[in-house]
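**Q** This one is query-v2.cif, mmCIF, C-alpha atoms.
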data_input
#
loop_
_atom_site.label_atom_id
_atom_site.label_comp_id
_atom_site.auth_asym_id
_atom_site.auth_seq_id
_atom_site.Cartn_x
_atom_site.Cartn_y
_atom_site.Cartn_z
CA MET A 1 0.13 -24.50 12.72
CA THR A 2 -0.60 -22.03 10.05
CA GLU A 3 2.07 -19.43 10.23
CA ILE A 4 0.66 -16.15 9.12
CA THR A 5 3.29 -13.61 8.47
CA THR A 6 2.66 -10.15 7.30
CA ASP A 7 6.05 -9.47 5.87
CA PHE A 8 6.03 -6.29 3.96
CA THR A 9 9.77 -6.47 3.37
CA VAL A 10 11.04 -3.57 1.37
CA ILE A 11 9.70 -2.73 -2.02
CA GLU A 12 12.17 -1.12 -4.36
CA GLN A 13 11.42 -0.19 -7.92
CA THR A 14 13.44 1.63 -10.53
CA VAL A 15 12.17 3.37 -13.63
CA ARG A 16 13.94 5.34 -16.32
CA ILE A 17 12.04 8.37 -17.48
CA ALA A 18 12.88 10.38 -20.57
CA ALA A 19 12.17 13.68 -18.85
CA ALA A 20 14.39 15.82 -16.64
CA PRO A 21 14.30 15.38 -12.85
CA GLU A 22 12.88 18.90 -12.64
CA THR A 23 9.92 17.76 -14.71
CA VAL A 24 9.40 14.50 -12.84
CA TRP A 25 9.56 16.38 -9.56
CA THR A 26 6.53 18.45 -10.48
CA PHE A 27 4.51 15.26 -10.95
CA TRP A 28 5.05 14.53 -7.25
CA THR A 29 4.37 17.99 -5.92
CA GLU A 30 1.67 19.56 -8.12
CA PRO A 31 -1.83 18.23 -7.41
CA GLU A 32 -3.02 18.46 -11.03
CA ARG A 33 0.00 16.51 -12.18
CA LEU A 34 -0.30 13.90 -9.43
CA ALA A 35 -3.88 13.35 -10.54
CA GLU A 36 -2.56 12.38 -13.97
CA TRP A 37 -0.85 9.26 -12.69
CA TRP A 38 -1.51 8.36 -9.09
CA GLY A 39 -4.97 9.32 -7.95
CA ALA A 40 -8.09 11.09 -8.98
CA ASP A 41 -7.43 13.92 -6.59
CA ALA A 42 -4.48 15.09 -4.55
CA GLU A 43 -3.65 17.57 -1.81
CA VAL A 44 -0.03 18.52 -1.45
CA VAL A 45 1.78 20.81 0.91
CA ALA A 46 5.28 20.32 -0.40
CA GLU A 47 7.30 21.15 2.69
CA PRO A 48 8.62 19.06 5.58
CA GLY A 49 5.66 18.19 7.79
CA GLY A 50 3.29 19.07 4.98
CA LEU A 51 0.18 17.12 4.07
CA PHE A 52 0.25 14.60 1.23
CA ARG A 53 -3.13 13.10 0.42
CA VAL A 54 -4.04 11.18 -2.70
CA VAL A 55 -7.51 9.86 -3.46
CA MET A 56 -7.11 6.81 -5.63
CA GLU A 57 -9.74 5.82 -8.15
CA ARG A 58 -11.74 2.84 -6.90
CA GLY A 59 -9.27 2.58 -4.08
CA PRO A 60 -8.27 3.81 -0.69
CA VAL A 61 -7.09 7.27 0.19
CA MET A 62 -3.37 7.61 0.78
CA LEU A 63 -2.64 9.89 3.69
CA GLY A 64 0.92 10.91 4.32
CA THR A 65 3.25 13.59 5.54
CA PHE A 66 6.35 14.83 3.80
CA THR A 67 9.47 14.37 5.85
CA GLU A 68 12.17 15.41 3.37
CA LEU A 69 12.17 17.42 0.18
CA ASP A 70 15.29 18.13 -1.79
CA PRO A 71 14.04 19.33 -5.16
CA PRO A 72 14.41 17.90 -7.70
CA HIS A 73 16.36 14.94 -6.35
CA ARG A 74 14.79 13.40 -3.35
CA LEU A 75 11.49 13.32 -1.51
CA VAL A 76 10.40 11.22 1.44
CA PHE A 77 6.90 10.84 2.82
CA THR A 78 4.99 8.64 5.19
CA PHE A 79 2.38 6.43 3.59
CA GLY A 80 -0.82 4.92 4.96
CA TRP A 81 -4.48 4.42 4.18
CA GLU A 82 -6.53 7.23 5.61
CA GLN A 83 -9.35 5.05 6.96
CA ASN A 84 -7.05 2.76 8.93
CA ALA A 85 -6.94 3.39 12.64
CA PRO A 86 -3.59 3.80 14.39
CA GLY A 87 -2.07 0.38 14.75
CA GLU A 88 -3.90 -1.15 11.82
CA PRO A 89 -1.89 -2.38 8.87
CA LEU A 90 -0.84 0.50 6.65
CA ALA A 91 -2.24 3.05 9.03
CA PRO A 92 -1.08 6.59 8.32
CA GLY A 93 2.48 7.05 9.48
CA SER A 94 3.29 3.34 9.51
CA THR A 95 5.30 3.08 6.30
CA ILE A 96 7.63 5.37 4.44
CA VAL A 97 8.31 6.03 0.77
CA GLU A 98 11.62 7.43 -0.41
CA VAL A 99 11.90 8.63 -3.97
CA THR A 100 15.22 9.60 -5.51
CA MET A 101 15.60 11.12 -8.94
CA THR A 102 19.02 11.14 -10.50
CA PRO A 103 19.89 12.79 -13.83
CA ASP A 104 20.47 10.05 -16.34
CA ASP A 105 21.57 10.96 -19.83
CA GLY A 106 19.23 13.93 -19.98
CA GLY A 107 16.43 11.92 -18.42
CA THR A 108 15.80 10.65 -14.92
CA LEU A 109 16.57 7.48 -13.08
CA LEU A 110 13.86 7.21 -10.45
CA VAL A 111 14.22 4.82 -7.55
CA LEU A 112 11.28 4.30 -5.23
CA ARG A 113 11.73 2.52 -1.94
CA HIS A 114 8.74 1.69 0.24
CA SER A 115 9.42 0.28 3.68
CA GLU A 116 8.26 0.24 7.25
CA MET A 117 8.97 3.19 9.44
CA PRO A 118 12.32 2.61 11.12
CA ALA A 119 10.80 3.41 14.50
CA THR A 120 8.53 0.40 14.33
CA HIS A 121 10.91 -1.90 12.54
CA ALA A 122 12.63 -3.20 15.63
CA ALA A 123 9.35 -4.51 16.92
CA ASP A 124 9.00 -6.76 13.88
CA HIS A 125 10.97 -9.46 15.58
CA ALA A 126 8.00 -9.92 17.80
CA LYS A 127 5.84 -10.51 14.78
CA GLY A 128 3.05 -12.93 15.24
CA TRP A 129 -0.61 -13.23 14.82
CA ASP A 130 -1.59 -12.18 18.32
CA HIS A 131 0.88 -9.38 18.21
CA TYR A 132 -0.59 -8.34 14.91
CA LEU A 133 -4.18 -8.66 15.93
CA GLY A 134 -3.90 -7.44 19.46
CA ASP A 135 -5.34 -4.24 20.70
CA CYS A 136 -2.04 -2.48 21.06
CA LEU A 137 -0.98 -2.66 17.46
CA VAL A 138 1.52 0.07 17.06
CA ALA A 139 4.34 -2.23 16.10
CA ALA A 140 2.14 -4.33 13.88
CA ALA A 141 1.32 -1.35 11.76
CA ALA A 142 4.71 -1.82 10.20
CA LYS A 143 3.66 -5.17 8.84
CA PRO A 144 0.76 -4.66 6.50
CA MET B 1 1.76 -8.55 -13.92
CA THR B 2 -0.10 -5.49 -12.82
CA SER B 3 -3.51 -5.94 -11.38
CA PRO B 4 -5.70 -2.87 -11.80
CA ALA B 5 -7.85 -4.23 -9.00
CA ALA B 6 -4.95 -4.22 -6.56
CA PRO B 7 -5.86 -1.07 -4.62
CA ALA B 8 -9.39 -2.34 -4.17
CA ARG B 9 -8.02 -5.61 -2.83
CA ILE B 10 -5.77 -3.78 -0.40
CA ASP B 11 -8.76 -1.80 0.67
CA LEU B 12 -10.71 -4.98 1.35
CA VAL B 13 -7.93 -6.38 3.52
CA ALA B 14 -7.43 -3.13 5.37
CA HIS B 15 -11.14 -2.78 5.95
CA ALA B 16 -11.46 -6.39 7.07
CA LEU B 17 -8.76 -5.92 9.68
CA ALA B 18 -10.00 -2.58 10.89
CA ASP B 19 -12.59 -4.21 13.13
CA GLY B 20 -12.05 -5.82 16.50
CA THR B 21 -14.64 -8.56 15.97
CA ARG B 22 -13.08 -9.60 12.70
CA ARG B 23 -9.62 -9.66 14.25
CA SER B 24 -10.99 -11.89 17.01
CA LEU B 25 -12.57 -14.18 14.43
CA LEU B 26 -9.27 -14.44 12.62
CA ARG B 27 -7.55 -15.36 15.85
CA LEU B 28 -10.11 -18.13 16.42
CA VAL B 29 -9.47 -19.72 13.04
CA ARG B 30 -5.73 -19.22 13.01
CA ASP B 31 -4.83 -22.72 14.13
CA ASP B 32 -8.02 -24.65 13.74
CA GLU B 33 -10.72 -24.94 11.22
CA ARG B 34 -13.97 -23.99 12.89
CA ALA B 35 -17.62 -24.13 11.95
CA ALA B 36 -19.61 -20.95 11.48
CA GLY B 37 -21.90 -22.02 14.34
CA ASP B 38 -18.96 -22.42 16.72
CA LEU B 39 -17.66 -19.05 15.80
CA ALA B 40 -21.04 -17.43 16.27
CA SER B 41 -21.35 -18.91 19.76
CA ALA B 42 -18.07 -17.22 20.67
CA PHE B 43 -19.88 -13.91 20.27
CA PRO B 44 -23.04 -14.36 22.34
CA GLN B 45 -23.73 -10.65 22.33
CA MET B 46 -23.92 -10.63 18.56
CA SER B 47 -26.55 -11.98 16.23
CA ARG B 48 -25.62 -14.90 14.07
CA PRO B 49 -26.22 -13.02 10.81
CA ALA B 50 -23.91 -10.28 12.08
CA VAL B 51 -21.14 -12.83 12.68
CA SER B 52 -21.79 -14.33 9.25
CA GLN B 53 -21.45 -10.90 7.74
CA HIS B 54 -18.04 -10.45 9.39
CA LEU B 55 -16.96 -13.86 8.11
CA ARG B 56 -18.07 -12.94 4.60
CA LEU B 57 -15.97 -9.78 4.73
CA LEU B 58 -12.94 -11.76 5.87
CA GLN B 59 -13.52 -14.26 3.10
CA ARG B 60 -13.90 -11.57 0.45
CA ALA B 61 -10.60 -10.07 1.56
CA GLY B 62 -8.95 -13.47 1.14
CA LEU B 63 -8.08 -13.69 4.83
CA VAL B 64 -10.08 -16.83 5.51
CA SER B 65 -11.10 -19.73 3.36
CA VAL B 66 -14.21 -21.73 3.81
CA ARG B 67 -15.23 -25.25 2.87
CA PRO B 68 -18.64 -26.81 3.24
CA VAL B 69 -18.82 -30.14 5.03
CA GLY B 70 -22.30 -31.54 5.09
CA ASN B 71 -24.50 -28.70 6.18
CA ARG B 72 -21.70 -26.92 8.01
CA ARG B 73 -19.31 -24.28 6.76
CA LEU B 74 -15.79 -24.59 8.10
CA TYR B 75 -13.56 -21.54 8.26
CA ARG B 76 -9.83 -21.33 8.48
CA ALA B 77 -7.34 -18.47 8.25
CA ASN B 78 -5.67 -18.20 4.90
CA ALA B 79 -1.91 -18.07 5.33
CA ASP B 80 -1.40 -16.15 2.10
CA GLY B 81 -4.02 -13.56 2.80
CA LEU B 82 -1.86 -11.05 4.60
CA SER B 83 1.47 -11.60 2.95
CA GLU B 84 -0.23 -10.80 -0.32
CA MET B 85 -0.78 -7.29 0.85
CA GLY B 86 2.87 -6.40 0.30
CA GLN B 87 2.55 -7.85 -3.17
CA PHE B 88 -0.36 -5.59 -3.91
CA ILE B 89 1.56 -2.52 -2.84
CA ASP B 90 4.35 -3.68 -5.13
CA ASP B 91 1.88 -4.04 -8.00
CA MET B 92 0.42 -0.66 -7.25
CA TRP B 93 3.80 1.01 -7.58
CA THR B 94 4.62 -0.89 -10.77
CA ASP B 95 1.37 0.30 -12.26
CA ARG B 96 1.61 3.89 -11.05
CA LEU B 97 5.28 4.41 -11.91
CA ALA B 98 4.57 3.24 -15.46
CA ARG B 99 1.88 5.90 -15.62
CA LEU B 100 4.21 8.50 -14.12
CA LYS B 101 6.77 7.69 -16.79
CA ALA B 102 4.17 8.04 -19.53
CA VAL B 103 2.76 11.37 -18.36
CA ALA B 104 6.15 12.92 -17.54
CA GLU B 105 7.54 11.96 -20.93
CA ARG B 106 4.48 13.34 -22.64
CA ALA B 107 4.68 16.60 -20.72
CA GLU B 108 8.27 17.51 -21.33
CA PRO B 109 10.09 14.85 -23.22
CA VAL B 110 13.82 14.87 -23.45
CA ARG B 111 14.50 14.88 -27.11
CA PRO B 112 17.49 13.18 -28.57
CA LYS B 113 20.18 15.71 -29.17
CA PRO B 114 19.61 17.19 -32.62
CA GLU B 115 22.40 16.68 -35.05
CA GLN B 116 24.70 19.59 -35.19
CA PRO B 117 23.66 21.65 -38.16
CA LYS B 118 26.31 21.81 -40.79
CA ARG B 119 28.18 24.97 -40.32
CA SER B 120 27.77 27.09 -43.33
CA THR B 121 30.69 29.26 -43.93
CA PRO B 122 29.70 32.73 -44.80
#
Mind turning the file's structure into structure tokens?
**A**
Amino acid sequence: MTEITTDFTVIEQTVRIAAAPETVWTFWTEPERLAEWWGADAEVVAEPGGLFRVVMERGPVMLGTFTELDPPHRLVFTFGWEQNAPGEPLAPGSTIVEVTMTPDDGGTLLVLRHSEMPATHAADHAKGWDHYLGDCLVAAAAKP
Amino acid sequence: MTSPAAPARIDLVAHALADGTRRSLLRLVRDDERAAGDLASAFPQMSRPAVSQHLRLLQRAGLVSVRPVGNRRLYRANADGLSEMGQFIDDMWTDRLARLKAVAERAEPVRPKPEQPKRSTP
């Protein structure tokens, strides 16, 4: 049988930036600056519970909500594609991105971690095609 | 390493899966290769061209593969189709963080510490 898994696992990436964390922070929280690197257009309400929406060029629209902001060191937001219905892979609220910025020799060490929402993670053990494709897909949303 | 088309590909997969008919089609070809005609007859309420259109979308998203046998087209779920999605997110971040680095460094670069000017004694 063809085993189709949808393992998202955890994505973790690290980048060294020769700019202070205070500077890098503004590229996450100021719409004009976000537009310079992530998407063509961005809406940001930089407070817990605030809207985070990025329109990517030739791509989907990222719709998220900030859950933690500790300027200029750490921000956490939910991540999903706006057009995906609840329960679909990468639906809004189904994954989470944590960004930490640590001073590093005058610059910044940025670590980005993208993973499923912890709330849905436990359900992953039940992963499977029917589970994934079924009508009640809340758990499956964690496995894009 | 980085595919500029990655977000579009993710979009195709997400769009393909955002429809109940297409999810049902995927279920039907999960274990067995099935002909387009078979699949169409599983959806009697739907026109054959409409089912074909759904299959084309699934194929474009890389979720099913198709091979022609005689005058039939046989569909089967592509095992790599969905697991690739995580890879595309990974690629997206690689691409975007490189851009973030570039724009942040251009905006307010951290300059190497200037050499201490020689102290001139008055």
**Q** Please write as a PyMOL selection string the full residue list that the PyMOL selection byres ((chain A and resi 62) around 8) yields on this file.
**A** chain A and resi 52-56+60-61+63-64+79-82+92
**Q** Which neighbours of Gln53 of chain B fall inside 12 Å, counting all atoms listed in the file, when residues of the same chain fewer than 3 positions from it are skipped, and could you give them as a PDB file with C-alpha atoms, in the coordinates of the input?
**A**
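What ended up in part.pdb:
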ATOM      1  CA  ALA B  16     -11.460  -6.390   7.070  1.00  0.00           C
ATOM      2  CA  THR B  21     -14.640  -8.560  15.970  1.00  0.00           C
ATOM      3  CA  ARG B  22     -13.080  -9.600  12.700  1.00  0.00           C
ATOM      4  CA  LEU B  25     -12.570 -14.180  14.430  1.00  0.00           C
ATOM      5  CA  ALA B  36     -19.610 -20.950  11.480  1.00  0.00           C
ATOM      6  CA  ALA B  40     -21.040 -17.430  16.270  1.00  0.00           C
ATOM      7  CA  MET B  46     -23.920 -10.630  18.560  1.00  0.00           C
ATOM      8  CA  SER B  47     -26.550 -11.980  16.230  1.00  0.00           C
ATOM      9  CA  ARG B  48     -25.620 -14.900  14.070  1.00  0.00           C
ATOM     10  CA  PRO B  49     -26.220 -13.020  10.810  1.00  0.00           C
ATOM     11  CA  ALA B  50     -23.910 -10.280  12.080  1.00  0.00           C
ATOM     12  CA  ARG B  56     -18.070 -12.940   4.600  1.00  0.00           C
ATOM     13  CA  LEU B  57     -15.970  -9.780   4.730  1.00  0.00           C
ATOM     14  CA  LEU B  58     -12.940 -11.760   5.870  1.00  0.00           C
ATOM     15  CA  GLN B  59     -13.520 -14.260   3.100  1.00  0.00           C
ATOM     16  CA  ARG B  60     -13.900 -11.570   0.450  1.00  0.00           C
TER      17      ARG B  60
END
**Q** If you apply the PyMOL selection byres ((chain B and resi 63) around 8) to this file, what residues do you get, as a list in words?
**A** Val13, Leu26, Leu58, Gln59, Arg60, Ala61, Gly62, Val64, Ser65, Ala77, Asn78, Ala79, Asp80, Gly81 and Leu82 of chain B
**Q** Mind pulling up the distance from atom CA of Ile96 of chain A to atom CA of Val76 of chain A?
**A**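 Interatomic distance, atom CA of Val76 of chain A to atom CA of Ile96 of chain A: 7.1 Å.
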**Q** Convert the output of the PyMOL selection byres ((chain A and resi 30) around 12) on the shown file into explicit residues, formatted as a PyMOL selection string.
**A** chain A and resi 23-29+31-38+41-46+52-54
**Q** Can I get the selection written as a compact mmCIF listing (two decimals), in the frame of the given file, with C-alpha atoms?
**A**
# COMPACT_ATOMS: atom_id res chain seq x y z
CA THR A 23 9.92 17.76 -14.71
CA VAL A 24 9.40 14.50 -12.84
CA TRP A 25 9.56 16.38 -9.56
CA THR A 26 6.53 18.45 -10.48
CA PHE A 27 4.51 15.26 -10.95
CA TRP A 28 5.05 14.53 -7.25
CA THR A 29 4.37 17.99 -5.92
CA PRO A 31 -1.83 18.23 -7.41
CA GLU A 32 -3.02 18.46 -11.03
CA ARG A 33 0.00 16.51 -12.18
CA LEU A 34 -0.30 13.90 -9.43
CA ALA A 35 -3.88 13.35 -10.54
CA GLU A 36 -2.56 12.38 -13.97
CA TRP A 37 -0.85 9.26 -12.69
CA TRP A 38 -1.51 8.36 -9.09
CA ASP A 41 -7.43 13.92 -6.59
CA ALA A 42 -4.48 15.09 -4.55
CA GLU A 43 -3.65 17.57 -1.81
CA VAL A 44 -0.03 18.52 -1.45
CA VAL A 45 1.78 20.81 0.91
CA ALA A 46 5.28 20.32 -0.40
CA PHE A 52 0.25 14.60 1.23
CA ARG A 53 -3.13 13.10 0.42
CA VAL A 54 -4.04 11.18 -2.70
**Q** Pick the closest to Pro71 of chain A from A:Thr102, A:Ser115, A:Ser94, A:Gln83: which is it, counting all atoms listed in the file?
**A**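 Among the listed residues, the smallest separation from Pro71 of chain A belongs to A:Thr102.
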**Q** Hey, can you check how far atom CA of His15 of chain B sits from atom CA of Leu100 of chain B?
**A**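 Going from atom CA of His15 of chain B over to atom CA of Leu100 of chain B covers 27.7 Å.
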**Q** Can you work out which one of B:Ala18, B:Ala42, B:Val69, B:Ala35 has the shortest atom-to-atom distance to chain A, counting all atoms listed in the file?
**A** B:Ala18
**Q** Which one of A:Ala91, A:Leu51, A:Val99, A:Ala19 sits closest to chain B if you count all atoms listed in the file?
**A** A:Ala19
